[in-house]
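I have placed the structure first, in the form of structure tokens, so that the comments after it can refer back to it.
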Amino acid sequence: MSHRPGSGLAAVSSALLAMSRRLEVRDVLKTIVASARELLDAEYAALGVPDDHGGFAQFVVDGVSDEQWRAIGPLPRQHGILAAMLHEEKTERLADVRRDPRFGGWPSAHPDMSDFLGLPVRDGDETLAALFLANKRCPRAESSRGRRCGFTEEDEELLAILAQHAAIALTNARLYERSRELTIAEERSRLAHELHDAVSQKLFSLRLTAQAAAALVDRDPVRAKGELQQVAALAAEAADELRAAVVELRPAALDEDGLVHTLRNHVQVLDRAHSAEVTFATSGIRALPAAQEEALLRVAQEALHNALRHSGADRVGVALARRGQGAVLSVTDNGKGFEPRTVRRAGRHLGLVSMRDRASGVGGRLRVKSAPGQGTTIEMEVPGG
């Protein structure tokens, strides 16, 4: 392995440490792919996680540009040589994958691949993923003589070691995410009980006091006025209880990871869950006051829900950029669009009222740009702090 840039014990150790440091599943997948490609000096690398419907739930690539990936199209299905990695407990090392009888069905925009190395990533009897490498790079001296290198038995052994540690890292990441989901669910359940008890008591008192005021309004206006003042006080207390609960219910991921990471993860989940392509771009974002980050996230979620459920779009883009001391969020789709004034007159708000309220509640503003047949853009700007 002496000719390989990533060769040596230090390179192997770096790759394994990089995988073990990641806790989010998506980050682990990307790190596995990048580490394998660098370590074995391949032009392309990919890792596919199977779903329960004959395809891939996730498919991560390294070495393919964003433009190439968009041209390739939807996630690949489990066919040919890719399927072999998921259903057979063995490594596939081929001098030219195109000559394999199982080769076929690759999109026309797919990069040209020849030598191939792939194997399943397994945890016991479960296949967690399939890891693929293609187009081994040659040392400059051999390349100048027109020789093709191809993957070696040594490469195969190295990739097998990497896959064993990848399985551990991926399993740990899944356990971490599941643990966090359970923690969030337990905390929300606790808060729901507290909210029910506290607010229910306040509303019960509010109801009794209002009834007393109604009974006294004719025969003892002075006492009725006192009861109504108590109604106002109880209503204010109930509002305070609700506000406190909302603060506690602020998404845990937002507190831990910040707006950019939380929004990116949300977009990635929607991109996998829907047929439409959902993308996220960001630039120059600085930390914002917690209330503004919460409002931006909620507006993004509402706008994405509308775009994916109602617009018929096949592309939805989310962008978050710095503007002065604050930030501007935009959610744009290429769907059927609508006439905002007609929607308001018909009483169908598509969540626009709540989005405007969230924006104004943190000193921001919301703009809606849409027309029939021309898609929709929801833009929210906040001032920062």
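Ligands are numbered from 1 in the order shown, chains are lettered A, B, ... in the order of the structure tokens, and residues start at 1 in each chain.
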
Would you mind writing down, as a list in words, each residue of stretch 334-385 of chain A that DSSP on the backbone assigns to strand (DSSP E or B)? Arg365, Leu366, Arg367, Val368, Lys369, Ser370, Thr376, Thr377, Ile378, Glu379, Met380, Glu381 and Val382 of chain A

Write out as a PyMOL selection string the residues lying within 10 Å of A:Ala134, counting only C-alpha atoms and excluding same-chain residues fewer than 3 positions away. chain A and resi 37+40-46+93-97+112-118+137+150-151

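The residue that comes closest to A:Glu277, out of A:Arg219, A:Arg315, A:Arg178, A:Arg122 and on the basis of only C-alpha atoms, is A:Arg315.
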
Atom CA of A:Arg70 to atom CA of A:Ala109, straight-line distance in Å: 9.2 Å

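Residue nearest A:Met19 within the list A:Asp100, A:Glu177, A:Ala166, A:Gln301: A:Ala166 [criterion: smallest interatomic distance, only C-alpha atoms].
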
Would you give me, as a ChimeraX atom specification, the residues in stretch 262-293 of chain A that DSSP reads as alpha helix (DSSP H)? /A:262-273,290-293

Using the selection just defined, write its residues with all heavy atoms as a compact mmCIF listing (two decimals), in the first residue's frame.
```txt
# COMPACT_ATOMS: atom_id res chain seq x y z
N THR A 262 -30.22 21.95 12.45
CA THR A 262 -31.57 21.39 12.62
C THR A 262 -32.37 21.49 11.33
O THR A 262 -33.04 20.53 10.93
CB THR A 262 -32.30 22.14 13.75
OG1 THR A 262 -31.54 22.03 14.95
CG2 THR A 262 -33.69 21.58 13.96
N LEU A 263 -32.29 22.63 10.67
CA LEU A 263 -33.03 22.81 9.42
C LEU A 263 -32.49 21.91 8.32
O LEU A 263 -33.26 21.33 7.55
CB LEU A 263 -32.97 24.28 9.00
CG LEU A 263 -33.91 24.72 7.88
CD1 LEU A 263 -35.35 24.32 8.17
CD2 LEU A 263 -33.81 26.23 7.68
N ARG A 264 -31.16 21.77 8.26
CA ARG A 264 -30.58 20.87 7.25
C ARG A 264 -31.06 19.43 7.46
O ARG A 264 -31.43 18.74 6.50
CB ARG A 264 -29.05 20.94 7.31
CG ARG A 264 -28.38 20.00 6.29
CD ARG A 264 -26.88 20.04 6.38
NE ARG A 264 -26.35 21.28 5.85
CZ ARG A 264 -25.72 22.20 6.56
NH1 ARG A 264 -25.56 22.02 7.87
NH2 ARG A 264 -25.26 23.30 6.01
N ASN A 265 -31.06 18.97 8.71
CA ASN A 265 -31.52 17.61 8.99
C ASN A 265 -32.99 17.44 8.62
O ASN A 265 -33.39 16.40 8.06
CB ASN A 265 -31.34 17.28 10.48
CG ASN A 265 -29.90 16.95 10.82
OD1 ASN A 265 -29.08 16.75 9.93
ND2 ASN A 265 -29.60 16.89 12.10
N HIS A 266 -33.79 18.44 8.91
CA HIS A 266 -35.22 18.37 8.58
C HIS A 266 -35.42 18.27 7.07
O HIS A 266 -36.23 17.48 6.59
CB HIS A 266 -35.93 19.62 9.13
CG HIS A 266 -37.41 19.60 8.96
ND1 HIS A 266 -38.23 18.70 9.61
CD2 HIS A 266 -38.24 20.37 8.20
CE1 HIS A 266 -39.48 18.93 9.27
NE2 HIS A 266 -39.52 19.93 8.42
N VAL A 267 -34.66 19.05 6.33
CA VAL A 267 -34.75 19.02 4.86
C VAL A 267 -34.31 17.66 4.32
O VAL A 267 -34.94 17.11 3.41
CB VAL A 267 -33.91 20.16 4.25
CG1 VAL A 267 -33.73 19.96 2.75
CG2 VAL A 267 -34.56 21.50 4.52
N GLN A 268 -33.25 17.10 4.89
CA GLN A 268 -32.77 15.80 4.43
C GLN A 268 -33.81 14.71 4.66
O GLN A 268 -34.01 13.83 3.81
CB GLN A 268 -31.47 15.44 5.14
CG GLN A 268 -30.28 16.27 4.67
CD GLN A 268 -29.02 16.04 5.51
OE1 GLN A 268 -29.08 15.45 6.60
NE2 GLN A 268 -27.90 16.49 5.01
N VAL A 269 -34.49 14.76 5.79
CA VAL A 269 -35.54 13.79 6.07
C VAL A 269 -36.67 13.91 5.05
O VAL A 269 -37.15 12.91 4.50
CB VAL A 269 -36.08 13.98 7.51
CG1 VAL A 269 -37.36 13.16 7.72
CG2 VAL A 269 -35.03 13.56 8.53
N LEU A 270 -37.09 15.14 4.76
CA LEU A 270 -38.17 15.35 3.79
C LEU A 270 -37.74 14.94 2.39
O LEU A 270 -38.53 14.40 1.62
CB LEU A 270 -38.59 16.82 3.80
CG LEU A 270 -39.26 17.32 5.09
CD1 LEU A 270 -39.56 18.80 4.97
CD2 LEU A 270 -40.53 16.54 5.38
N ASP A 271 -36.48 15.16 2.06
CA ASP A 271 -35.97 14.79 0.73
C ASP A 271 -36.05 13.28 0.54
O ASP A 271 -36.36 12.80 -0.56
CB ASP A 271 -34.53 15.27 0.58
CG ASP A 271 -33.98 15.00 -0.80
OD1 ASP A 271 -34.65 15.35 -1.80
OD2 ASP A 271 -32.89 14.42 -0.91
N ARG A 272 -35.77 12.52 1.61
CA ARG A 272 -35.86 11.06 1.50
C ARG A 272 -37.30 10.57 1.52
O ARG A 272 -37.61 9.54 0.93
CB ARG A 272 -35.09 10.41 2.66
CG ARG A 272 -33.58 10.67 2.63
CD ARG A 272 -32.84 9.75 3.58
NE ARG A 272 -33.22 9.94 4.96
CZ ARG A 272 -32.63 10.78 5.80
NH1 ARG A 272 -31.63 11.54 5.37
NH2 ARG A 272 -33.02 10.88 7.06
N ALA A 273 -38.17 11.31 2.22
CA ALA A 273 -39.53 10.84 2.42
C ALA A 273 -40.47 11.17 1.26
O ALA A 273 -41.51 10.54 1.11
CB ALA A 273 -40.11 11.43 3.71
N ALA A 290 -32.83 33.13 20.44
CA ALA A 290 -33.54 31.85 20.44
C ALA A 290 -34.95 31.96 19.86
O ALA A 290 -35.39 31.10 19.11
CB ALA A 290 -33.61 31.29 21.87
N ALA A 291 -35.66 33.03 20.21
CA ALA A 291 -37.03 33.19 19.72
C ALA A 291 -37.07 33.33 18.20
O ALA A 291 -37.97 32.82 17.53
CB ALA A 291 -37.68 34.40 20.38
N GLN A 292 -36.08 34.03 17.64
CA GLN A 292 -36.03 34.19 16.18
C GLN A 292 -35.71 32.87 15.49
O GLN A 292 -36.27 32.55 14.44
CB GLN A 292 -35.02 35.27 15.82
CG GLN A 292 -35.44 36.66 16.28
CD GLN A 292 -34.45 37.74 15.84
OE1 GLN A 292 -33.69 37.55 14.91
NE2 GLN A 292 -34.48 38.88 16.53
N GLU A 293 -34.77 32.10 16.05
CA GLU A 293 -34.45 30.79 15.46
C GLU A 293 -35.66 29.87 15.50
O GLU A 293 -35.94 29.16 14.54
CB GLU A 293 -33.27 30.16 16.20
CG GLU A 293 -31.96 30.87 15.97
CD GLU A 293 -30.75 30.02 16.34
OE1 GLU A 293 -30.96 28.94 16.95
OE2 GLU A 293 -29.61 30.40 16.00
```

I'd like to know which of A:Asp66, A:Asp52, A:Val61, A:His165 is closest to A:Ala18, using only C-alpha atoms. A:His165

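Distances to A:Ile168 were evaluated for A:Asp197, A:Glu379, A:Glu24, A:Asp123 using only C-alpha atoms, and the minimum falls at A:Asp123.
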
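Note that atom CA of A:Ala11 and atom CA of A:Gly63 are 19.0 Å apart.
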
Got a sec: who's within 9 Å of stretch 372-374 of chain A, counting only C-alpha atoms, leaving out chain neighbours fewer than 3 positions off, as a PyMOL selection string? chain A and resi 333-339

Å distance separating atom CA of A:Val362 from atom CA of A:Leu304, one decimal place: 20.4 Å

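Comparing the minimum interatomic distances between A:Arg367 and each of A:Ile285, A:Leu47, A:Leu352, A:Ala212, counting only C-alpha atoms, we find that A:Leu352 sits nearest.
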
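The smallest atom-to-atom distance between A:Ala303 and any of A:Leu159, A:Leu254, A:Met380, A:Ala371, using only C-alpha atoms, is found for A:Met380.
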